[in-house]
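Report on the following structure.
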Amino acid sequence: MGKKINIAIDGYSSSGKSSLARSISKEFKMKYIDTGAMYRSITYLLLKNSIDSSNFEESEKKIEQIINDCNIEYNYNNKKNISETILNGARCDEHIRKNYVSEFVSIVSKSKKVRDFMIAKQKEIASNKNIVMDGRDIGTVVIPDAEIKFFIEADLHVRAKRRFEQAQDESLTFNEVVENLKFRDNQDMMRENSPLKKAKDSIVLNNTNINFEELKNQAFNIIRKKNENHN
Ligand code: C5P
């Protein structure tokens with residue numbers, strides 16, 4: 001690759017954003033940043049500090065302190081093709097995908113304090129270029145000047161099926177997955193601070209009736225074209 005570009009990927013929960021971001025990272029040798037994991041790790045940290053949906057609103061001061069004191073690092077392990085989240089020195093990836101985190105994460109993500117903290121970190125990472133970053137506000141707020149912006153859509157039941165098959169919680173039912181995705185999409189779209197929406201210049205890829213290979217090919221072709229014109 002010649003001149004370095006950034007790629008922003010946004011979309012609904014479980015639409016296939018992170019699988020696509022991972023394969024772009026591998027194919028084009030770009031660094032992958034999973035911002036959902038960042039919000040999930042903060043959520044996990046708050047839960048560990050006894051902050052949950054019942055006391056979230058009134059715990060603002062404590063939340064600020066927890067965020068300021070915490071040390072979060074994100075690595076992408078190219079060998080294993082996974083992102084690793086290190087929270088105050090310890091890996092926490094096995095916890096952040098659990099259902100109790102999924103149920104609370106979109107509430108935590110509404111907080112302006114949490115978002116300001118995360119967005120500043122994400123902007124700093126993106127300033128190094130050659131980043132593929134996925135989330136909800138990447139093309140609109142975090143990297144509005146990204147050379148390529150994808151917005152991934154897929155039918156709710158197709159997304160729920162995908163999430164259900166990947167779920168690490170054996171007690172989880174399909175209906176609970178559907179309800180969680182609906183809840184999170186709704187919270188993410190309706191919030192005041194950097195809501196989920198399509199950037200005007202984003203390329204929409206709909207993942208409902210195509211398999212992952214086809215989605216990947218569509219995205220790769222767009223990236224190759226962009227790289228040719230960008231050199
Ligand atoms: O991508 P993932 O489903 O792991 O994201 C978990 C949650 O984190 C989302 O439901 C959303 O509430 C929040 N999020 C966000 N902004 C981002 C990435 C994730 O609000 N850029």
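Labels used: A, B, ... for chains in the order of the structure tokens, numbers from 1 for residues in each chain, and numbers from 1 for ligands as shown.
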(message) ligand 1: which residues are within 8 Å, counting only C-alpha atoms and all ligand atoms? Reply as number ranges by chain.
(response) A: 10, 12-14, 17-18, 34-40, 97, 102, 105-110, 115, 134-138, 181, 184-185, 187-188, 194-196
(request) Please identify all polymer residues within 8 Å of segment 161-167 of chain A, counting only C-alpha atoms, omitting same-chain residues fewer than 2 positions from it, and present them as a list in words. (result)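 That gives Ser14, Arg97, Lys98, His157, Val158, Arg159, Asp169, Glu170, Leu172, Thr173, Phe174 and Val177 of chain A.
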Selected residues written out with C-alpha atoms, as a CSV table (one decimal), in the first residue's frame:
```csv
chain,number,residue,atom,x,y,z
A,14,SER,CA,-24.1,-7.9,15.1
A,97,ARG,CA,-18.8,-10.4,25.5
A,98,LYS,CA,-20.9,-11.9,28.3
A,157,HIS,CA,-33.3,-11.8,12.6
A,158,VAL,CA,-30.2,-12.5,10.4
A,159,ARG,CA,-28.1,-10.5,12.9
A,169,ASP,CA,-23.5,-17.7,27.2
A,170,GLU,CA,-25.1,-21.1,27.0
A,172,LEU,CA,-29.0,-17.4,26.4
A,173,THR,CA,-32.1,-17.9,24.3
A,174,PHE,CA,-32.7,-16.7,20.7
A,177,VAL,CA,-30.6,-12.1,21.7
```
(request) Using only C-alpha atoms, pick whichever of A:Asp145, A:Ile131, A:Asn99, A:Asn193 has the shortest atom-to-atom distance to Glu176 of chain A. (result) A:Asn99
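Candidate residues A:Ser54, A:Asn6, A:Asn130, A:Ser111 were compared for distance to Lys29 of chain A, and the nearest is A:Asn130, using only C-alpha atoms.
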(message) I want to know what sits within 9 Å of Ile86 of chain A, based on only C-alpha atoms, with residues of the same chain fewer than 6 positions away left out; could you give that as a list of chain:residue names?
(response)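 Final neighbour list, sorted by chain and number: A:Ser41, A:Asn71, A:Ile72, A:Glu73, A:Tyr74, A:Asn75, A:Cys92, A:Asp93.
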(request) Please measure the separation of atom CA of Asn186 of chain A and atom CA of Phe117 of chain A, giving the value in Å to one decimal. (result)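 So the two atoms, atom CA of Asn186 of chain A and atom CA of Phe117 of chain A, lie 22.4 Å apart.
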(request) Write down as a PyMOL selection string the residues of segment 30-220 of chain A whose backbone DSSP state falls under helix (DSSP H, G or I). (result) chain A and resi 35-48+57-69+93-96+99-108+112-126+138-142+156-166+174-190+212-220
(request) Could you tell me, as a count of residues only, which residues of segment 110-231 of chain A DSSP assigns to strand (DSSP E or B) when given the backbone? (result) 15
